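The structure appears right after this line, and notes come after that.
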Amino acid sequence: MCGILGYSGDRQASGILLNGLAKLEYRGYDSAGLAVLEDGEIKIVKNKGRLQALEEKIKSGYDVSGTCGIGHTRWATHGEPSEVNAHPLWSDDMSVVAVHNGIVENYREIKNKLAEHGYKFYSQTDTEAAVKLIDFFYKQEKNPLKAIIKAIKNIEGSFCFVLLFKDFPNEVWGVRKDLPLIAGQGKGESFLASDVSAILQDTRQVYYLDNMEIVQLKKGVVRFFDMEGYAKPKELSEVTWDMNAAEKGGFEHFMMKEIHEQARAVKDTFGSVYHSGKINLEEMNLSDEKIKNISQIYIIACGSAYHAGAVAQYVIEDLAKIPVRIELASEFRYRNMPLDKNALAIIISQSGETADTLAAMRRAKENGIKTLAIVNVVGSTIAREADSVFYTMAGPEIAVATTKAYSAQLIACYILAVQFAKVRGELEGSEYERLIGEIQKLPEKIDEILDEKERIEEIAYKFTNARNAFYLGRNIDYAVAMEGSLKMKEISYLHSEAIAAGEMKHGPISLIEKGMLVAGIMTQKNLYQKIASNMLEARSRGGFLFIVATRGCEALKEEADFIYNIPETDEHFAASLAVIPLQLMGYYVAVARKLDVDKPRNLAKSVTVE
Ligand code: F6R
């Protein structure tokens with residue numbers, strides 16, 4: 001997830017771009033850059049690090065005058081954060097210069113084809129492949145619109161591009177697929193941006209681009225085209241949000257915004273390794289030979305990342321039949337357990353900087369164990385030190401309580417489970433296809449659950465003054481219960497415990513009192529009756545039964561105080577759906593208690609000390 005901008009008008013573009021980028025920095029901040037077109041020449045300035053470094057660089061003598069330009073603030077997905085990988089990127093003769101948000105899934109194929117035509121590549125980005133593809137068609141067509149259309153028809157993935165063409169003064173071009181891009185209309189000037197927060201200081205008059213729509217800015221004129229090249233009429237809208245709401249995409253908190261970004265995070269994470277009908281793990285150094293030789297998996301992580309690993313344990317064991325141990329990094333690093341040399345250690349971390357996780361990974365490496373890191377932040381310490389990396393595509397997460405990164409971690413784990421199972425001969429071809437199909441359907445099902453979020457909001461207010469909660473589950477549902485319970489306690493400060501339901505009778509049941517929130521997760525058919533019995537025991541002691549169950553589950557239909565049905569999916573992947581109402585529950589209880597949802601007390605986004 002990156003922030004992109006375009007400007008065409010009478011004012012100096014660089015200042016406007018810098019102001020706008022400052023508002024988009026929450027979308028990514030590992031590098032920033034801008035390009036300005038003047039007198040048939042495009043000047044580019046870019047920098048590793050935060051926007052401030054770029055600002056200083058421009059002040060210290062770079063000539064970037066001109067009234068038409070594009071800008072970018074980056075969250076690395078392909079290629080480490082560096083100046084060379086920073087945007088804008090350009091074609092060899094600088095005819096086409098672009099900034100990009102999103103992922104070009106088939107960038108390797110594009111690069112290979114363009115290389116046959118003499119194109120050279122200097123960055124590790126997927127963007128460069130797309131820019132040069134647009135340039136390739138531009139050289140034939142001599143027309144930006146036709147070049148963009150031809151290129152976009154050959155690009156797979158979800159993306160937004162904003163472009164300058166050296167021979168077209170005062171023009172900025174944009175195109176979007178699945179990711180947001182808006183155009184702003186000012187007096188004698190016009191804008192493109194990833195979201196309205198970037199242009200709100202200049203105009204409140206915006207156009208929302210449709211999918212696969214192309215836009216052209218020329219000073220105050222904004223024109224739209226479809227993929228056949230025909231001009232399209234479009235209605236202006238007036239933005240009524242204030243600046244604060246605009247940064248959060250109109251949501252009250254980053255956490256809610258990020259909850260809503262989960263479908264996209266899941267889709268992009270899957271899309272990053274799934275090309276032309278196949279999962280490809282070769283970039284992770286996981287050849288079939290290596291996968292076949294894995295005798296044991298250790299999953300090592302902290303907090304929510306550990307909970308994602310707990311789901312993965314069940315899924316990998318069941319599908320790939322490889323023994324899996326899930327380890328808390330803070331425990332693993334100090335334990336003297338005999339380690340299997342043919343094991344694979346899977347390290348899960350959003351930030352890639354968590355001190356215990358890093359230390360545990362180093363310990364595994366010292367013991368000769370191969371490490372695969374599932375990490376969200378490109379270029380983070382864990383990503384750099386691991387033997388190989390599977391990047392989740394959640395984009396920057398601002399809220400301290402993780403939601404979209406956790407969901408993306410689950411997808412990475414499912415992909416490993418399914419692929420390991422296939423390579424090791426544990427899955428028939430058709431079953432493999434079916435499971436892939438089920439993963440692909442998760443994003444729309446996540447959105448379906450979110451469409452009904454008000455139901456959770458209503459019930460959450462009942463627990464504004466609650467003091468204790470239990471989250472019960474068995475098997476994968478227990479792993480989800482752990483995450484649901486953590487979401488509740490970390491942001492609402494309501495004391496909450498996740499309990500493997502079978503353990504209730506061994507002690508915790510003594511804590512149940514009248515009106516206590518007892519959440520039960522029911523997504524595994526063979527365990528419906530078991531968990532139902534545990535829940536009924538809680539109910540007979542006064543517990544309020546809050547059930548998250550797969551549609552069609554009849555158990556507790558009569559007895560539950562509240563049931564939230566999630567869409568059906570393959571049971572291995574049910575965690576991805578069951579967690580959504582639980583995230584919402586934690587969120588709404590925290591809101592009802594008027595707490596600082598995005599920055600809960602005593603917590604930090606990245607735990608870089610022990
Ligand atoms: C909870 C949460 C934390 C993190 C944990 C590990 O919402 O965000 O529990 O999951 O601190 O952090 P990473 O994934 O950055 O290693």
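Each chain in the structure tokens gets a letter, A, B and so on, in the order shown; residues start at 1 in every chain, and ligands are counted from 1 in the order they appear.
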>> Residues contacting ligand 1 - anything with an atom at most 10 Å away, using only C-alpha atoms and all ligand atoms - can you give me those as an MDAnalysis selection string?
In response: chainID A and resid 300:308 329 347:358 374:377 382 397 399:403 405:406 409 483:484 486:491 583 603:608
Range 349-468 of chain A near range 238-262 of chain A within 12 Å: what's each residue's closest atom pair and its distance in Å to one decimal, counting only C-alpha atoms, ordered by chain then ascending residue number, as a Markdown table?
| residue | atom | partner | partner_atom | distance |
| --- | --- | --- | --- | --- |
| A:Thr392 | CA | A:Gln262 | CA | 11.7 |
| A:Met393 | CA | A:Gln262 | CA | 10.1 |
| A:Ala394 | CA | A:Gln262 | CA | 7.6 |
| A:Gly395 | CA | A:Glu261 | CA | 9.3 |
| A:Pro396 | CA | A:Glu258 | CA | 9.4 |
| A:Glu397 | CA | A:Glu258 | CA | 7.2 |
| A:Ile398 | CA | A:Phe254 | CA | 6.4 |
| A:Ala399 | CA | A:Met255 | CA | 5.1 |
| A:Val400 | CA | A:Met255 | CA | 8.0 |
| A:Ala401 | CA | A:Met255 | CA | 7.2 |
| A:Thr402 | CA | A:Met255 | CA | 7.9 |
| A:Thr403 | CA | A:Ile259 | CA | 5.9 |
| A:Lys404 | CA | A:Gln262 | CA | 4.8 |
| A:Ala405 | CA | A:Gln262 | CA | 8.1 |
| A:Tyr406 | CA | A:Gln262 | CA | 9.1 |
| A:Ser407 | CA | A:Gln262 | CA | 6.5 |
| A:Ala408 | CA | A:Gln262 | CA | 7.6 |
| A:Gln409 | CA | A:Gln262 | CA | 11.0 |
| A:Leu410 | CA | A:Gln262 | CA | 11.2 |
| A:Ile411 | CA | A:Gln262 | CA | 10.9 |
| A:Leu442 | CA | A:Gln262 | CA | 9.9 |
| A:Pro443 | CA | A:Gln262 | CA | 7.5 |
| A:Glu444 | CA | A:Gln262 | CA | 10.2 |
| A:Lys445 | CA | A:Gln262 | CA | 10.8 |
| A:Ile446 | CA | A:Gln262 | CA | 7.5 |
| A:Asp447 | CA | A:His260 | CA | 7.6 |
| A:Glu448 | CA | A:His260 | CA | 10.9 |
| A:Ile449 | CA | A:His260 | CA | 10.3 |
| A:Leu450 | CA | A:His260 | CA | 7.4 |
| A:Asp451 | CA | A:His260 | CA | 9.9 |
| A:Lys453 | CA | A:His260 | CA | 10.6 |
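When only C-alpha atoms are used to compute distances to Asp318 in chain A, the closest of the residues A:Leu545, A:Leu511, A:Val589, A:Val418 turns out to be A:Val418.
The neighbours of range 104-111 of chain A here are the residues that come within 10 Å of it, using only C-alpha atoms and leaving out any residue fewer than 6 positions away in the same chain; they are His78, His117, Tyr119, Lys120, Phe121, Thr125, Asp126, Thr127, Glu128, Ala129, Ala130, Lys132, Leu133, Asn154, Ile155, Glu156, Gly157, Ser158, Phe159, Cys160, Asp268, Gly271, Ser272, Val273, Tyr274, His275 and Ser276 of chain A.
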Please write the residues from the selection above to a file, keeping N, CA, C and O atoms, as an mmCIF file, in the first residue's frame.
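And here is the file that came out, part-v1.cif:
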data_model
loop_
_atom_site.group_PDB
_atom_site.id
_atom_site.type_symbol
_atom_site.label_atom_id
_atom_site.label_comp_id
_atom_site.auth_asym_id
_atom_site.auth_seq_id
_atom_site.Cartn_x
_atom_site.Cartn_y
_atom_site.Cartn_z
ATOM 1 N N HIS A 78 7.796 -5.108 -3.453
ATOM 2 C CA HIS A 78 8.788 -5.827 -4.259
ATOM 3 C C HIS A 78 10.080 -5.027 -4.225
ATOM 4 O O HIS A 78 10.153 -3.947 -4.792
ATOM 5 N N HIS A 117 13.031 -7.292 -26.101
ATOM 6 C CA HIS A 117 13.006 -6.084 -26.946
ATOM 7 C C HIS A 117 14.078 -5.087 -26.523
ATOM 8 O O HIS A 117 13.994 -3.908 -26.852
ATOM 9 N N TYR A 119 14.871 -4.016 -23.415
ATOM 10 C CA TYR A 119 14.694 -3.231 -22.178
ATOM 11 C C TYR A 119 15.595 -3.768 -21.080
ATOM 12 O O TYR A 119 15.775 -4.969 -20.928
ATOM 13 N N LYS A 120 16.152 -2.856 -20.301
ATOM 14 C CA LYS A 120 17.002 -3.230 -19.158
ATOM 15 C C LYS A 120 16.292 -2.780 -17.887
ATOM 16 O O LYS A 120 15.525 -1.806 -17.921
ATOM 17 N N PHE A 121 16.581 -3.449 -16.785
ATOM 18 C CA PHE A 121 15.897 -3.118 -15.519
ATOM 19 C C PHE A 121 16.924 -2.807 -14.445
ATOM 20 O O PHE A 121 17.904 -3.519 -14.291
ATOM 21 N N THR A 125 11.734 -3.614 -8.501
ATOM 22 C CA THR A 125 10.292 -3.404 -8.350
ATOM 23 C C THR A 125 9.486 -4.037 -9.475
ATOM 24 O O THR A 125 9.975 -4.228 -10.591
ATOM 25 N N ASP A 126 8.221 -4.301 -9.137
ATOM 26 C CA ASP A 126 7.265 -4.721 -10.162
ATOM 27 C C ASP A 126 6.838 -3.509 -10.999
ATOM 28 O O ASP A 126 6.476 -3.634 -12.172
ATOM 29 N N THR A 127 6.931 -2.328 -10.383
ATOM 30 C CA THR A 127 6.499 -1.095 -11.052
ATOM 31 C C THR A 127 7.283 -0.852 -12.340
ATOM 32 O O THR A 127 6.728 -0.445 -13.367
ATOM 33 N N GLU A 128 8.584 -1.094 -12.258
ATOM 34 C CA GLU A 128 9.427 -0.788 -13.417
ATOM 35 C C GLU A 128 8.981 -1.595 -14.637
ATOM 36 O O GLU A 128 9.006 -1.087 -15.778
ATOM 37 N N ALA A 129 8.548 -2.831 -14.387
ATOM 38 C CA ALA A 129 8.071 -3.652 -15.512
ATOM 39 C C ALA A 129 6.863 -2.975 -16.158
ATOM 40 O O ALA A 129 6.748 -2.902 -17.392
ATOM 41 N N ALA A 130 5.958 -2.452 -15.310
ATOM 42 C CA ALA A 130 4.740 -1.828 -15.840
ATOM 43 C C ALA A 130 5.060 -0.536 -16.586
ATOM 44 O O ALA A 130 4.515 -0.274 -17.665
ATOM 45 N N LYS A 132 7.742 0.261 -18.114
ATOM 46 C CA LYS A 132 8.401 -0.028 -19.387
ATOM 47 C C LYS A 132 7.444 -0.688 -20.368
ATOM 48 O O LYS A 132 7.584 -0.541 -21.585
ATOM 49 N N LEU A 133 6.446 -1.373 -19.847
ATOM 50 C CA LEU A 133 5.432 -1.935 -20.739
ATOM 51 C C LEU A 133 4.609 -0.784 -21.346
ATOM 52 O O LEU A 133 4.299 -0.788 -22.548
ATOM 53 N N ASN A 154 -2.557 -5.993 -20.355
ATOM 54 C CA ASN A 154 -1.539 -7.040 -20.192
ATOM 55 C C ASN A 154 -1.012 -7.144 -18.764
ATOM 56 O O ASN A 154 -0.074 -7.887 -18.505
ATOM 57 N N ILE A 155 -1.572 -6.351 -17.865
ATOM 58 C CA ILE A 155 -1.070 -6.372 -16.482
ATOM 59 C C ILE A 155 -2.086 -7.069 -15.585
ATOM 60 O O ILE A 155 -3.265 -6.740 -15.594
ATOM 61 N N GLU A 156 -1.585 -8.037 -14.781
ATOM 62 C CA GLU A 156 -2.461 -8.721 -13.814
ATOM 63 C C GLU A 156 -2.183 -8.180 -12.432
ATOM 64 O O GLU A 156 -1.045 -7.836 -12.114
ATOM 65 N N GLY A 157 -3.203 -8.131 -11.592
ATOM 66 C CA GLY A 157 -3.014 -7.676 -10.216
ATOM 67 C C GLY A 157 -3.988 -6.581 -9.871
ATOM 68 O O GLY A 157 -4.960 -6.336 -10.582
ATOM 69 N N SER A 158 -3.736 -5.916 -8.741
ATOM 70 C CA SER A 158 -4.554 -4.751 -8.404
ATOM 71 C C SER A 158 -3.590 -3.571 -8.310
ATOM 72 O O SER A 158 -2.526 -3.697 -7.716
ATOM 73 N N PHE A 159 -3.973 -2.458 -8.904
ATOM 74 C CA PHE A 159 -2.991 -1.379 -9.026
ATOM 75 C C PHE A 159 -3.635 -0.043 -9.323
ATOM 76 O O PHE A 159 -4.792 0.036 -9.761
ATOM 77 N N CYS A 160 -2.861 1.001 -9.082
ATOM 78 C CA CYS A 160 -3.156 2.356 -9.554
ATOM 79 C C CYS A 160 -1.857 2.910 -10.097
ATOM 80 O O CYS A 160 -0.814 2.759 -9.445
ATOM 81 N N ASP A 268 -4.421 -9.688 -1.891
ATOM 82 C CA ASP A 268 -3.071 -9.346 -2.368
ATOM 83 C C ASP A 268 -2.033 -10.355 -1.899
ATOM 84 O O ASP A 268 -1.090 -10.667 -2.623
ATOM 85 N N GLY A 271 -2.504 -13.249 -4.080
ATOM 86 C CA GLY A 271 -2.090 -12.911 -5.450
ATOM 87 C C GLY A 271 -0.583 -12.795 -5.604
ATOM 88 O O GLY A 271 -0.055 -12.951 -6.700
ATOM 89 N N SER A 272 0.116 -12.546 -4.500
ATOM 90 C CA SER A 272 1.563 -12.346 -4.626
ATOM 91 C C SER A 272 2.306 -13.640 -4.938
ATOM 92 O O SER A 272 3.429 -13.615 -5.424
ATOM 93 N N VAL A 273 1.684 -14.780 -4.666
ATOM 94 C CA VAL A 273 2.373 -16.055 -4.967
ATOM 95 C C VAL A 273 1.592 -16.942 -5.932
ATOM 96 O O VAL A 273 2.054 -18.017 -6.297
ATOM 97 N N TYR A 274 0.394 -16.508 -6.291
ATOM 98 C CA TYR A 274 -0.435 -17.341 -7.157
ATOM 99 C C TYR A 274 -0.496 -16.727 -8.554
ATOM 100 O O TYR A 274 -1.063 -15.656 -8.746
ATOM 101 N N HIS A 275 0.152 -17.383 -9.498
ATOM 102 C CA HIS A 275 0.181 -16.847 -10.861
ATOM 103 C C HIS A 275 -0.195 -17.951 -11.839
ATOM 104 O O HIS A 275 0.279 -19.079 -11.700
ATOM 105 N N SER A 276 -0.964 -17.570 -12.824
ATOM 106 C CA SER A 276 -1.372 -18.486 -13.895
ATOM 107 C C SER A 276 -1.802 -19.847 -13.340
ATOM 108 O O SER A 276 -1.330 -20.892 -13.779
#
> Using only C-alpha atoms, which residues sit within 8 Å of Pro81 in chain A once same-chain residues fewer than 3 positions away are excluded, as JSON, numbers by chain?
Replying inline: {"A": [30, 31, 48, 49, 75, 76, 85, 86, 378, 379]}
Produce a file of the selected residues containing N, CA, C and O atoms, as a PDB file, in the first residue's frame.
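Okay, this is what ended up in out.pdb:
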ATOM      1  N   ASP A  30       8.640   4.188   3.680  1.00  0.00           N
ATOM      2  CA  ASP A  30      10.034   3.734   3.632  1.00  0.00           C
ATOM      3  C   ASP A  30      10.844   4.472   2.572  1.00  0.00           C
ATOM      4  O   ASP A  30      12.063   4.414   2.561  1.00  0.00           O
ATOM      5  N   SER A  31      10.166   5.180   1.694  1.00  0.00           N
ATOM      6  CA  SER A  31      10.855   6.050   0.748  1.00  0.00           C
ATOM      7  C   SER A  31       9.811   6.960   0.115  1.00  0.00           C
ATOM      8  O   SER A  31       8.609   6.685   0.212  1.00  0.00           O
ATOM      9  N   LYS A  48      15.430   7.338   0.055  1.00  0.00           N
ATOM     10  CA  LYS A  48      15.038   6.306   1.014  1.00  0.00           C
ATOM     11  C   LYS A  48      14.629   7.022   2.301  1.00  0.00           C
ATOM     12  O   LYS A  48      15.141   8.098   2.590  1.00  0.00           O
ATOM     13  N   GLY A  49      13.747   6.444   3.074  1.00  0.00           N
ATOM     14  CA  GLY A  49      13.372   7.042   4.357  1.00  0.00           C
ATOM     15  C   GLY A  49      12.128   7.894   4.240  1.00  0.00           C
ATOM     16  O   GLY A  49      11.439   7.883   3.226  1.00  0.00           O
ATOM     17  N   TRP A  75       5.398   1.999   0.500  1.00  0.00           N
ATOM     18  CA  TRP A  75       5.428   0.862   1.421  1.00  0.00           C
ATOM     19  C   TRP A  75       5.901  -0.306   0.575  1.00  0.00           C
ATOM     20  O   TRP A  75       5.191  -0.778  -0.304  1.00  0.00           O
ATOM     21  N   ALA A  76       7.138  -0.727   0.813  1.00  0.00           N
ATOM     22  CA  ALA A  76       7.764  -1.687  -0.096  1.00  0.00           C
ATOM     23  C   ALA A  76       7.000  -2.998  -0.173  1.00  0.00           C
ATOM     24  O   ALA A  76       6.582  -3.542   0.843  1.00  0.00           O
ATOM     25  N   ASN A  85      14.757   1.667  -5.600  1.00  0.00           N
ATOM     26  CA  ASN A  85      13.405   1.086  -5.673  1.00  0.00           C
ATOM     27  C   ASN A  85      12.310   2.114  -5.376  1.00  0.00           C
ATOM     28  O   ASN A  85      11.123   1.818  -5.537  1.00  0.00           O
ATOM     29  N   ALA A  86      12.713   3.287  -4.898  1.00  0.00           N
ATOM     30  CA  ALA A  86      11.714   4.324  -4.612  1.00  0.00           C
ATOM     31  C   ALA A  86      11.073   4.774  -5.929  1.00  0.00           C
ATOM     32  O   ALA A  86      11.671   4.674  -6.998  1.00  0.00           O
ATOM     33  N   VAL A 378       8.750  -4.927   4.609  1.00  0.00           N
ATOM     34  CA  VAL A 378       9.872  -5.279   3.737  1.00  0.00           C
ATOM     35  C   VAL A 378      11.150  -4.619   4.263  1.00  0.00           C
ATOM     36  O   VAL A 378      11.137  -3.465   4.679  1.00  0.00           O
ATOM     37  N   GLY A 379      12.224  -5.386   4.276  1.00  0.00           N
ATOM     38  CA  GLY A 379      13.508  -4.832   4.690  1.00  0.00           C
ATOM     39  C   GLY A 379      13.678  -4.777   6.203  1.00  0.00           C
ATOM     40  O   GLY A 379      14.692  -4.282   6.697  1.00  0.00           O
TER      41      GLY A 379
END
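Here the DSSP assignment of alpha helix (DSSP H), based on backbone atoms, applies within range 33-97 of chain A to A:Leu51, A:Gln52, A:Ala53, A:Leu54, A:Glu55, A:Glu56, A:Lys57, A:Ile58, A:Lys59.
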Pull C-alpha atoms from the residues just selected and write them as a compact mmCIF listing (two decimals), in the first residue's frame.
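That gives us selection04.txt:
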# COMPACT_ATOMS: atom_id res chain seq x y z
CA LEU A 51 9.21 12.27 3.44
CA GLN A 52 11.16 14.73 5.54
CA ALA A 53 14.38 13.48 3.94
CA LEU A 54 12.94 14.24 0.51
CA GLU A 55 11.86 17.67 1.63
CA GLU A 56 15.36 18.42 2.86
CA LYS A 57 16.87 17.14 -0.35
CA ILE A 58 14.72 19.45 -2.46
CA LYS A 59 15.54 22.43 -0.30
> Which residues, written as a VMD selection string, have at least one atom at most 12 Å from Glu41 in chain A, with only C-alpha atoms counted and residues fewer than 2 positions away on the same chain left out?
Replying inline: chain A and resid 35 to 39 43 to 44 63 to 66 68 to 69 93 to 97 164 to 170
> Quick one: distance from CA of Tyr461 in chain A to CA of Arg264 in chain A in Å, one decimal?
Replying inline: 28.7 Å
